[in-house]
Amino acid sequence: MVKIAPSVLSADFTKLKEDIESIENIHADWIHYDVMDGHFVDNISFGYSILNDLSKITDLFLDVHLMISDPLRYVDRFIDAHASLITFHYEAMNNENEIRELIKHINDKNVLVGISIKPSTPVESIKKYLDDVDLVLVMSVEPGFGGQSFIESSVGKIRELNQYKDYHHFLIEVDGGINDYTGKLCKDNGADVLVAGSYIFKAEDRKKAIDLLK
Ligand code: DX5
Ligand code: ZN
């Protein structure tokens with residue numbers, strides 16, 4: 001069954017604990033945690049200290065999405081703050097050596113590792129890393145902001161990645177513009193994890209929103 005990862009970017013930070021409890025109670029599988037540095041993307045969100053606070057109030061799997069330049073420099077702080085999985089952006093890296101070093105570094109600390117591609121980056125560019133990562137995150141909007149519309153061409157990427165699953169073991173996660181319609185499209189084409197921010201947190205009935213995604 002597909003896993004649902006509500007993105008706390010769309011939560012109400014004046015009552016974060018309540019919002020986390022609300023998604024725990026309706027069986028969210030993961031918490032998606034978007035880190036933005038104002039450099040790799042044109043927005044600033046939150047860092048590792050809030051992640052550490054979050055880890056104290058929930059047992060949910062902490063799915064950390066780093067939208068930052070130079071992830072190797074900061075990754076240990078997110079590991080120390082109890083990330084369960086750390087996904088970095090392919091586009092934030094300078095070369096293959098750096099990518100391999102970062103993957104190994106995260107693996108060696110017994111944390112799961114994911115690689116993400118922006119809408120304009122082809123699947124082909126990360127093909128050589130599929131054996132070494134636990135997850136591939138397909139961005140279905142330009143990273144940086146919640147509440148954008150799903151880019152339909154992402155479905156082709158999910159399908160393409162799905163073909164490689166015969167030979168490699170990794171999860172396919174999709175992030176951006178997920179609602180009941182686009183979520184089903186992703187699921188039917190092989191997505192394992194759906195990230196949804198505004199669709200869940202702004203819903204009048206959050207349980208219904210999650211049920212419709214599953
Ligand atoms: C966007 C973030 C997403 C965002 C999704 O850069 O990576 O995780 O929270 O928000 P929605 O579901 O509202 O598109
Ligand atoms: Zn994200």
# chains A, B, ... in the order shown; residues from 1 in each chain; ligands from 1

call {"tool": "residues_around", "arguments": {"residues": "range 174-186 of chain A", "least_positions_apart": "6", "cutoff": "7 Å", "atoms": "only C-alpha atoms", "output": "PyMOL selection string"}}
result
chain A and resi 137-141+147-150+155+193-196+199+212-213

call {"tool": "write_last_selection", "arguments": {"atoms": "C-alpha atoms", "output": "CSV table (one decimal), in the first residue's frame"}}
result
chain,number,residue,atom,x,y,z
A,137,LEU,CA,12.1,11.6,-4.9
A,138,VAL,CA,10.5,12.9,-8.1
A,139,MET,CA,9.7,16.6,-7.7
A,140,SER,CA,6.3,17.2,-9.4
A,141,VAL,CA,6.6,21.0,-8.9
A,147,GLY,CA,0.5,24.8,-2.9
A,148,GLN,CA,1.6,24.6,-6.6
A,149,SER,CA,0.0,22.6,-9.4
A,150,PHE,CA,1.2,19.1,-10.3
A,155,VAL,CA,4.1,10.7,-14.4
A,193,VAL,CA,5.2,7.3,-1.2
A,194,LEU,CA,3.1,10.4,-1.7
A,195,VAL,CA,4.0,13.7,-0.1
A,196,ALA,CA,1.1,16.0,0.4
A,199,TYR,CA,-4.1,18.9,0.4
A,212,LEU,CA,-8.6,9.3,-0.5
A,213,LEU,CA,-4.9,9.2,-1.2

call {"tool": "residues_around", "arguments": {"residues": "Leu51 in chain A", "least_positions_apart": "4", "cutoff": "8 Å", "atoms": "only C-alpha atoms", "output": "MDAnalysis selection string"}}
result
chainID A and resid 33 47 55 78 81:83

call {"tool": "closest_residue", "arguments": {"among": "A:Glu160, A:Asp42, A:Asp34, A:Asp134", "to": "ligand 2", "atoms": "only C-alpha atoms and all ligand atoms"}}
result
A:Asp34

call {"tool": "closest_residue", "arguments": {"among": "A:Asn97, A:Asn189, A:Ser7, A:Thr58", "to": "ligand 2", "atoms": "only C-alpha atoms and all ligand atoms"}}
result
A:Ser7

call {"tool": "residues_around", "arguments": {"residues": "Gly197 in chain A", "least_positions_apart": "3", "cutoff": "7 Å", "atoms": "only C-alpha atoms", "output": "short mmCIF file (atom, residue, chain, number, x, y, z; two decimals) with C-alpha atoms, in the first residue's frame"}}
result
data_model
loop_
_atom_site.label_atom_id
_atom_site.label_comp_id
_atom_site.auth_asym_id
_atom_site.auth_seq_id
_atom_site.Cartn_x
_atom_site.Cartn_y
_atom_site.Cartn_z
CA PRO A 6 2.16 14.90 5.09
CA SER A 7 4.51 17.85 4.61
CA VAL A 8 4.77 20.01 7.72
CA LEU A 9 5.56 22.98 5.51
CA SER A 10 1.78 23.46 5.31
CA GLY A 146 3.79 24.40 -1.20
CA ILE A 200 -3.88 17.36 3.89
CA PHE A 201 -3.26 20.28 6.22
#

call {"tool": "closest_residue", "arguments": {"among": "A:Lys15, A:Lys118, A:His27, A:Arg77", "to": "ligand 2", "atoms": "only C-alpha atoms and all ligand atoms"}}
result
A:Lys118

call {"tool": "closest_residue", "arguments": {"among": "A:His32, A:His89, A:Lys3, A:Arg159", "to": "ligand 1", "atoms": "only C-alpha atoms and all ligand atoms"}}
result
A:His32

call {"tool": "closest_residue", "arguments": {"among": "A:Ile68, A:Ile26, A:Ile126, A:Leu102", "to": "Lys208 in chain A", "atoms": "only C-alpha atoms"}}
result
A:Ile26

call {"tool": "closest_residue", "arguments": {"among": "A:Arg100, A:Tyr74, A:Leu54, A:Met36", "to": "Leu16 in chain A", "atoms": "only C-alpha atoms"}}
result
A:Leu54

call {"tool": "residues_around", "arguments": {"residues": "Asn162 in chain A", "least_positions_apart": "2", "cutoff": "9 Å", "atoms": "only C-alpha atoms", "output": "PyMOL selection string"}}
result
chain A and resi 157-160+164-166+172+189-191

call {"tool": "write_last_selection", "arguments": {"atoms": "C-alpha atoms", "output": "compact mmCIF listing (two decimals), in the first residue's frame"}}
result
# COMPACT_ATOMS: atom_id res chain seq x y z
CA LYS A 157 9.32 9.74 -14.81
CA ILE A 158 7.55 7.57 -12.24
CA ARG A 159 6.79 5.02 -14.94
CA GLU A 160 10.40 5.09 -16.15
CA TYR A 164 14.26 -0.14 -13.03
CA LYS A 165 12.69 -1.67 -9.95
CA ASP A 166 13.08 -5.11 -11.49
CA ILE A 172 9.63 6.05 -5.52
CA ASN A 189 2.07 4.39 -12.25
CA GLY A 190 4.22 2.96 -9.46
CA ALA A 191 4.71 5.58 -6.71

call {"tool": "select_by_dssp", "arguments": {"residues": "range 12-149 of chain A", "states": "strand (DSSP E)", "output": "JSON, numbers by chain"}}
result
{"A": [30, 31, 32, 33, 34, 35, 36, 61, 62, 63, 64, 65, 66, 67, 85, 86, 87, 88, 89, 112, 113, 114, 115, 116, 117, 135, 136, 137, 138, 139]}

call {"tool": "write_last_selection", "arguments": {"atoms": "C-alpha atoms", "output": "short mmCIF file (atom, residue, chain, number, x, y, z; two decimals), in the first residue's frame"}}
result
data_model
loop_
_atom_site.label_atom_id
_atom_site.label_comp_id
_atom_site.auth_asym_id
_atom_site.auth_seq_id
_atom_site.Cartn_x
_atom_site.Cartn_y
_atom_site.Cartn_z
CA TRP A 30 5.74 9.44 7.51
CA ILE A 31 6.33 13.12 8.27
CA HIS A 32 7.86 15.00 5.35
CA TYR A 33 10.21 17.77 6.50
CA ASP A 34 11.21 20.35 3.87
CA VAL A 35 14.48 22.17 4.50
CA MET A 36 15.05 25.25 2.31
CA PHE A 61 9.33 8.22 10.43
CA LEU A 62 11.08 11.55 9.74
CA ASP A 63 11.48 12.01 5.99
CA VAL A 64 13.89 14.92 5.55
CA HIS A 65 13.98 16.64 2.14
CA LEU A 66 17.06 18.86 1.88
CA MET A 67 16.57 21.63 -0.66
CA LEU A 85 15.79 9.30 5.88
CA ILE A 86 17.71 12.11 4.23
CA THR A 87 17.03 13.06 0.63
CA PHE A 88 19.37 15.45 -1.14
CA HIS A 89 19.05 17.05 -4.56
CA LEU A 112 18.35 5.87 4.89
CA VAL A 113 19.27 7.97 1.88
CA GLY A 114 17.29 9.39 -1.03
CA ILE A 115 18.16 11.34 -4.15
CA SER A 116 15.79 13.89 -5.66
CA ILE A 117 15.38 15.34 -9.12
CA LEU A 135 14.55 6.19 -2.37
CA VAL A 136 14.17 8.42 -5.41
CA LEU A 137 12.14 11.59 -4.91
CA VAL A 138 10.49 12.87 -8.06
CA MET A 139 9.66 16.56 -7.69
#

call {"tool": "residues_around", "arguments": {"residues": "Glu98 in chain A", "least_positions_apart": "6", "cutoff": "10 Å", "atoms": "only C-alpha atoms", "output": "NGL selection string"}}
result
:A and (70 or 72 or 104)

call {"tool": "write_last_selection", "arguments": {"atoms": "C-alpha atoms", "output": "compact mmCIF listing (two decimals), in the first residue's frame"}}
result
# COMPACT_ATOMS: atom_id res chain seq x y z
CA ASP A 70 26.25 21.86 -0.11
CA LEU A 72 27.46 17.38 2.83
CA LYS A 104 28.21 6.63 1.73
